Structures are given as structure tokens and as C-alpha cells.
$ cat protein06.cif   # mmCIF, C-alpha atoms
data_entry
#
loop_
_atom_site.group_PDB
_atom_site.id
_atom_site.type_symbol
_atom_site.label_atom_id
_atom_site.label_comp_id
_atom_site.auth_asym_id
_atom_site.auth_seq_id
_atom_site.Cartn_x
_atom_site.Cartn_y
_atom_site.Cartn_z
ATOM 1 C CA MET T 8 10.994 -95.111 -56.100
ATOM 2 C CA LEU T 9 8.455 -92.304 -56.624
ATOM 3 C CA GLY T 10 7.616 -92.181 -52.919
ATOM 4 C CA GLY T 11 11.235 -91.775 -51.890
ATOM 5 C CA ASP T 12 13.001 -93.225 -48.879
ATOM 6 C CA GLY T 13 11.137 -91.072 -46.366
ATOM 7 C CA GLY T 14 7.852 -90.827 -48.278
ATOM 8 C CA TYR T 15 8.515 -87.339 -49.614
ATOM 9 C CA GLY T 16 9.498 -88.185 -53.177
ATOM 10 C CA CYS T 17 7.847 -86.492 -56.134
ATOM 11 C CA GLU T 18 7.021 -83.340 -54.203
ATOM 12 C CA VAL T 19 6.921 -81.464 -57.501
ATOM 13 C CA GLY T 20 5.641 -78.333 -55.791
ATOM 14 C CA HIS T 21 9.069 -78.045 -54.198
ATOM 15 C CA MET T 22 10.980 -78.179 -57.466
ATOM 16 C CA VAL T 23 12.928 -74.910 -57.599
ATOM 17 C CA VAL T 24 11.956 -72.812 -60.620
ATOM 18 C CA ASN T 25 13.264 -69.438 -59.421
ATOM 19 C CA PRO T 26 16.639 -69.984 -57.706
ATOM 20 C CA TYR T 27 17.839 -66.367 -57.700
ATOM 21 C CA ASP T 28 15.108 -64.200 -56.215
ATOM 22 C CA GLY T 29 12.408 -66.730 -55.400
ATOM 23 C CA ARG T 30 9.657 -66.363 -52.836
ATOM 24 C CA ALA T 31 10.117 -68.088 -49.483
ATOM 25 C CA CYS T 32 8.441 -71.487 -49.363
ATOM 26 C CA GLY T 33 6.940 -73.307 -46.392
ATOM 27 C CA CYS T 34 9.501 -76.091 -46.878
ATOM 28 C CA GLY T 35 12.331 -73.715 -45.931
ATOM 29 C CA SER T 36 13.667 -73.249 -49.453
ATOM 30 C CA SER T 37 12.867 -70.413 -51.825
ATOM 31 C CA GLY T 38 11.729 -70.267 -55.426
ATOM 32 C CA CYS T 39 9.753 -73.528 -55.267
ATOM 33 C CA LEU T 40 7.048 -74.047 -57.892
ATOM 34 C CA GLU T 41 4.374 -73.968 -55.198
ATOM 35 C CA ALA T 42 5.686 -70.681 -53.805
ATOM 36 C CA GLU T 43 5.989 -69.062 -57.249
ATOM 37 C CA VAL T 44 2.621 -70.094 -58.718
ATOM 38 C CA GLY T 45 0.486 -70.616 -55.621
ATOM 39 C CA GLU T 46 -2.481 -68.649 -54.433
ATOM 40 C CA ARG T 47 -0.538 -66.195 -52.293
ATOM 41 C CA ALA T 48 1.973 -65.534 -55.093
ATOM 42 C CA LEU T 49 -0.824 -64.554 -57.467
ATOM 43 C CA LEU T 50 -2.665 -62.430 -54.918
ATOM 44 C CA ASP T 51 0.523 -60.648 -53.828
ATOM 45 C CA ALA T 52 1.590 -60.006 -57.436
ATOM 46 C CA ALA T 53 -1.867 -58.527 -58.130
ATOM 47 C CA GLY T 54 -1.546 -56.257 -55.079
ATOM 48 C CA ARG T 55 -4.358 -57.906 -53.122
ATOM 49 C CA ALA T 56 -4.691 -57.582 -49.351
ATOM 50 C CA ALA T 57 -3.128 -60.317 -47.220
ATOM 51 C CA GLU T 58 -6.489 -61.204 -45.672
ATOM 52 C CA LEU T 59 -7.924 -62.172 -49.069
ATOM 53 C CA PHE T 60 -7.635 -65.829 -50.011
ATOM 54 C CA GLY T 61 -9.475 -68.715 -51.625
ATOM 55 C CA ARG T 62 -10.981 -69.346 -55.021
ATOM 56 C CA ALA T 63 -13.130 -66.222 -54.885
ATOM 57 C CA ALA T 64 -9.982 -64.097 -54.540
ATOM 58 C CA ILE T 65 -8.289 -65.977 -57.409
ATOM 59 C CA ARG T 66 -11.347 -65.559 -59.613
ATOM 60 C CA ALA T 67 -11.474 -61.841 -58.776
ATOM 61 C CA VAL T 68 -7.906 -61.456 -60.087
ATOM 62 C CA THR T 69 -8.643 -63.411 -63.272
ATOM 63 C CA ASP T 70 -11.872 -61.451 -63.819
ATOM 64 C CA ASP T 71 -10.009 -58.168 -63.300
ATOM 65 C CA ALA T 72 -7.360 -59.293 -65.797
ATOM 66 C CA ASP T 73 -10.098 -60.084 -68.316
ATOM 67 C CA ARG T 74 -11.387 -56.534 -67.850
ATOM 68 C CA GLY T 75 -7.915 -55.132 -68.555
ATOM 69 C CA ASP T 76 -6.612 -54.379 -65.036
ATOM 70 C CA PRO T 77 -2.825 -53.920 -65.534
ATOM 71 C CA ALA T 78 -1.810 -55.301 -62.115
ATOM 72 C CA ALA T 79 -3.976 -58.415 -62.522
ATOM 73 C CA ARG T 80 -2.706 -59.008 -66.064
ATOM 74 C CA GLU T 81 0.921 -58.659 -64.958
ATOM 75 C CA ALA T 82 0.273 -61.039 -62.045
ATOM 76 C CA LEU T 83 -1.095 -63.700 -64.419
ATOM 77 C CA ARG T 84 1.844 -63.160 -66.778
ATOM 78 C CA ARG T 85 4.351 -63.584 -63.957
ATOM 79 C CA ILE T 86 2.660 -66.684 -62.557
ATOM 80 C CA GLY T 87 2.329 -68.104 -66.081
ATOM 81 C CA ASP T 88 6.057 -67.720 -66.688
ATOM 82 C CA TRP T 89 6.963 -69.717 -63.577
ATOM 83 C CA LEU T 90 4.242 -72.297 -64.204
ATOM 84 C CA GLY T 91 5.522 -72.762 -67.761
ATOM 85 C CA ILE T 92 9.041 -73.476 -66.530
ATOM 86 C CA GLY T 93 7.727 -75.937 -63.954
ATOM 87 C CA VAL T 94 5.443 -77.709 -66.431
ATOM 88 C CA ALA T 95 8.276 -77.963 -68.978
ATOM 89 C CA ASN T 96 10.496 -79.616 -66.372
ATOM 90 C CA LEU T 97 7.736 -82.050 -65.452
ATOM 91 C CA ILE T 98 7.052 -82.839 -69.115
ATOM 92 C CA ASN T 99 10.733 -83.686 -69.537
ATOM 93 C CA LEU T 100 10.672 -85.842 -66.419
ATOM 94 C CA PHE T 101 7.398 -87.757 -66.922
ATOM 95 C CA ASN T 102 6.628 -87.446 -70.678
ATOM 96 C CA PRO T 103 2.861 -87.361 -70.055
ATOM 97 C CA GLY T 104 0.174 -87.819 -72.681
ATOM 98 C CA MET T 105 -1.904 -85.085 -71.068
ATOM 99 C CA VAL T 106 -1.417 -82.205 -68.646
ATOM 100 C CA VAL T 107 -4.393 -81.527 -66.372
ATOM 101 C CA PHE T 108 -4.656 -78.411 -64.224
ATOM 102 C CA GLY T 109 -6.930 -78.536 -61.203
ATOM 103 C CA GLY T 110 -7.619 -76.569 -58.046
ATOM 104 C CA MET T 111 -6.733 -72.897 -58.336
ATOM 105 C CA LEU T 112 -4.747 -73.586 -61.525
ATOM 106 C CA CYS T 113 -8.067 -74.414 -63.180
ATOM 107 C CA ASP T 114 -9.092 -70.779 -62.674
ATOM 108 C CA LEU T 115 -5.662 -69.307 -63.363
ATOM 109 C CA TYR T 116 -4.634 -71.225 -66.498
ATOM 110 C CA PRO T 117 -6.929 -69.573 -69.069
ATOM 111 C CA GLY T 118 -5.394 -66.180 -68.299
ATOM 112 C CA ALA T 119 -1.840 -67.518 -68.181
ATOM 113 C CA ALA T 120 -1.945 -70.128 -70.970
ATOM 114 C CA GLU T 121 0.055 -67.995 -73.390
ATOM 115 C CA GLN T 122 2.941 -67.653 -70.917
ATOM 116 C CA VAL T 123 2.771 -71.309 -69.851
ATOM 117 C CA ARG T 124 2.975 -72.505 -73.438
ATOM 118 C CA ALA T 125 5.638 -69.924 -74.381
ATOM 119 C CA ALA T 126 7.955 -71.049 -71.586
ATOM 120 C CA SER T 127 7.430 -74.742 -72.200
ATOM 121 C CA PRO T 128 8.545 -75.305 -75.810
ATOM 122 C CA ALA T 129 11.860 -73.614 -75.167
ATOM 123 C CA THR T 130 12.660 -75.933 -72.285
ATOM 124 C CA SER T 131 10.681 -79.141 -72.813
ATOM 125 C CA CYS T 132 11.309 -81.982 -75.199
ATOM 126 C CA ARG T 133 7.670 -82.335 -76.200
ATOM 127 C CA TRP T 134 4.544 -80.473 -75.086
ATOM 128 C CA PRO T 135 1.589 -82.925 -75.013
ATOM 129 C CA ALA T 136 -0.966 -82.311 -77.738
ATOM 130 C CA ASN T 137 -3.768 -82.971 -75.251
ATOM 131 C CA THR T 138 -3.505 -80.145 -72.746
ATOM 132 C CA SER T 139 -6.604 -78.889 -71.079
ATOM 133 C CA SER T 140 -7.317 -75.664 -69.270
ATOM 134 C CA CYS T 141 -9.534 -77.405 -66.779
ATOM 135 C CA VAL T 142 -10.308 -81.090 -66.766
ATOM 136 C CA PRO T 143 -11.735 -82.592 -63.578
ATOM 137 C CA PRO T 144 -9.107 -84.528 -61.652
ATOM 138 C CA PRO T 145 -9.302 -88.336 -61.625
ATOM 139 C CA TRP T 146 -11.410 -88.410 -58.451
ATOM 140 C CA ALA T 147 -14.171 -86.279 -59.967
ATOM 141 C CA THR T 148 -17.561 -87.935 -60.211
ATOM 142 C CA THR T 149 -17.867 -87.637 -64.000
ATOM 143 C CA PRO T 150 -14.838 -88.114 -66.251
ATOM 144 C CA PRO T 151 -14.416 -85.594 -69.050
ATOM 145 C CA SER T 152 -15.438 -86.643 -72.548
ATOM 146 C CA SER T 153 -11.765 -86.609 -73.566
ATOM 147 C CA ALA T 154 -10.676 -88.808 -70.635
ATOM 148 C CA PRO T 155 -8.431 -91.748 -71.406
ATOM 149 C CA PRO T 156 -10.130 -95.178 -71.290
ATOM 150 C CA ASN T 157 -8.311 -96.057 -68.046
ATOM 151 C CA TRP T 158 -9.593 -92.931 -66.181
ATOM 152 C CA PRO T 159 -9.741 -93.850 -62.469
ATOM 153 C CA SER T 160 -13.075 -94.258 -60.716
ATOM 154 C CA PRO T 161 -14.087 -91.757 -58.027
ATOM 155 C CA PRO T 162 -13.718 -92.728 -54.371
ATOM 156 C CA SER T 163 -16.749 -94.172 -52.605
ATOM 157 C CA SER T 164 -16.811 -91.385 -50.022
ATOM 158 C CA PRO T 165 -16.872 -87.669 -50.878
ATOM 159 C CA THR T 166 -13.550 -85.851 -50.978
ATOM 160 C CA PRO T 167 -13.259 -83.247 -48.209
ATOM 161 C CA SER T 168 -12.801 -79.622 -49.228
ATOM 162 C CA PRO T 169 -9.192 -78.417 -49.257
ATOM 163 C CA PRO T 170 -8.038 -75.770 -46.798
ATOM 164 C CA PRO T 171 -8.251 -72.165 -48.066
ATOM 165 C CA LEU T 172 -4.550 -71.937 -48.955
ATOM 166 C CA SER T 173 -4.316 -75.274 -50.732
ATOM 167 C CA PRO T 174 -1.380 -75.778 -53.095
ATOM 168 C CA PRO T 175 -1.938 -75.682 -56.838
ATOM 169 C CA ILE T 176 -2.911 -79.013 -58.361
ATOM 170 C CA LEU T 177 -1.230 -80.280 -61.480
ATOM 171 C CA HIS T 178 -1.874 -83.785 -62.796
ATOM 172 C CA PHE T 179 -0.026 -85.655 -65.484
ATOM 173 C CA LEU T 180 -1.822 -88.544 -67.091
ATOM 174 C CA SER T 181 -0.366 -91.215 -69.274
ATOM 175 C CA ARG T 182 -2.249 -93.162 -71.900
ATOM 176 C CA ARG T 183 -0.288 -96.249 -70.920
ATOM 177 C CA LYS T 184 -1.580 -98.682 -68.334
ATOM 178 C CA MET T 185 0.740 -99.107 -65.394
#
$ encode --input "protein06.cif" --output "C-alpha cells"
Amino acid sequence: MLGGDGGYGCEVGHMVVNPYDGRACGCGSSGCLEAEVGERALLDAAGRAAELFGRAAIRAVTDDADRGDPAAREALRRIGDWLGIGVANLINLFNPGMVVFGGMLCDLYPGAAEQVRAASPATSCRWPANTSSCVPPPWATTPPSSAPPNWPSPPSSPTPSPPPLSPPILHFLSRRKM
């Protein structure tokens, strides 16, 4: 069921969070979670040049926001609003015991946490008590100290690096064994 008939089920990045004036998405729709909170959305909102990309560019925006740059702070606020709506929808759908942000969201979340959490309670049934700003994903070599007992083991071969414009990564973990 989760894979869908054609194998494209649970593409949560293509859940529409901004139906009215959303950014164009690579899937052909607009306002998708991936388009609204992804790397390019943050860099564009912060007024960064189109040729900038990757984690270094994301970290530059978050560092600038920490130093009080108004454009960087507004970019994090905007991205945090859309991420909060998306996370609230996913909490309602999956009822996870933990929300784990990875990839670029690991760098972005600390500066957007207030907006993410503000959007979520208004629209979600229950925000998980165990939410982390940056917990290694299940394939990381060392599980976090707060990892559930059934934390998956890492793969035997190293995971290849993602392409520069990789989508945000958002994991939901359940304390229940499947």
C-alpha cells in the first residue's frame, strides 16, 4: 500500500503545502513540500545567487541568520512555516513517535524550529515529544544515544553522496516493531 500501484506512493515531498502561490516543482505541480522547503527555496528566499548550492550555501544562510541578517532570517522563517505545515500533515498521517530531520533540514531546522513548531500544533493532532534537530538517519554508522531499541543497522557498503540539489530528508520513526 505505501509503495502505491506504480511505485510512487508516499512521495511526501510532493504533498502540496502551498496551493495558491506555490513554487514550481520538478514533478509538474506547484507548492509541493519539496519545492517550498528545499535547498533552492531557501537560497532564493535569502537572495542568494542561482549558481550557489549545496550544504555550504545552506550553512552560509543559517550562519548569516544567526548573525542577524534580515534576508536570511526571513528566509528561515518562510521555510519554517511551510515545513511546519508539512510536518503537521505527516504527523496526522503517520502518528510517529519521533521526527528526525536529516540532509539539509539538519542544518536548517535549528533556525526554523520556532516556525515549524508554531505551525504544527495548530494543524496536527499530536506533536511527538521526541523531536530532534538533527539525529543521524537510520543508515548512519552510529545510532544516536536516544535511538529506539529497534534502530536499523547501517548498510554493509558506504552510502554514496547525494547530488548537490538533493531533496530535504525527513524521517518518521515509530517505537513499534513492524
$ residues_around --input "protein06.cif" --residues "region 27-40 of chain T" --least-positions-apart "5" --cutoff "9 Å" --atoms "all atoms listed in the file" --output "list in words"
Val19, Gly20, His21, Met22, Gly45, Ala48, Trp89, Leu90, Ile92 and Gly93 of chain T
$ atom_distance --input "protein06.cif" --atom1 "CA of Ala64 (chain T)" --atom2 "CA of Asp76 (chain T)"
14.7 Å
$ atom_distance --input "protein06.cif" --atom1 "CA of Ala125 (chain T)" --atom2 "CA of Pro26 (chain T)"
20.0 Å
$ atom_distance --input "protein06.cif" --atom1 "CA of Cys17 (chain T)" --atom2 "CA of Glu41 (chain T)"
13.0 Å
$ closest_residue --input "protein06.cif" --among "T:Ala79, T:Ala42, T:Val107, T:Val123" --to "Ala67 (chain T)" --atoms "only C-alpha atoms"
T:Ala79
$ closest_residue --input "protein06.cif" --among "T:Gly13, T:Gly118, T:Gly110, T:Gly54" --to "Asp88 (chain T)" --atoms "all atoms listed in the file"
T:Gly118
$ resolve_selection --input "protein06.cif" --expression "the PyMOL selection byres ((chain T and resi 60) around 9)" --output "ChimeraX atom specification"
/T:46-47,50,56-59,61-65,171-172
$ closest_residue --input "protein06.cif" --among "T:Met105, T:Cys113, T:Ala72, T:Leu100" --to "Arg84 (chain T)" --atoms "all atoms listed in the file"
T:Ala72
$ closest_residue --input "protein06.cif" --among "T:Val24, T:Ala95, T:Ala78, T:Val68" --to "Asp114 (chain T)" --atoms "all atoms listed in the file"
T:Val68
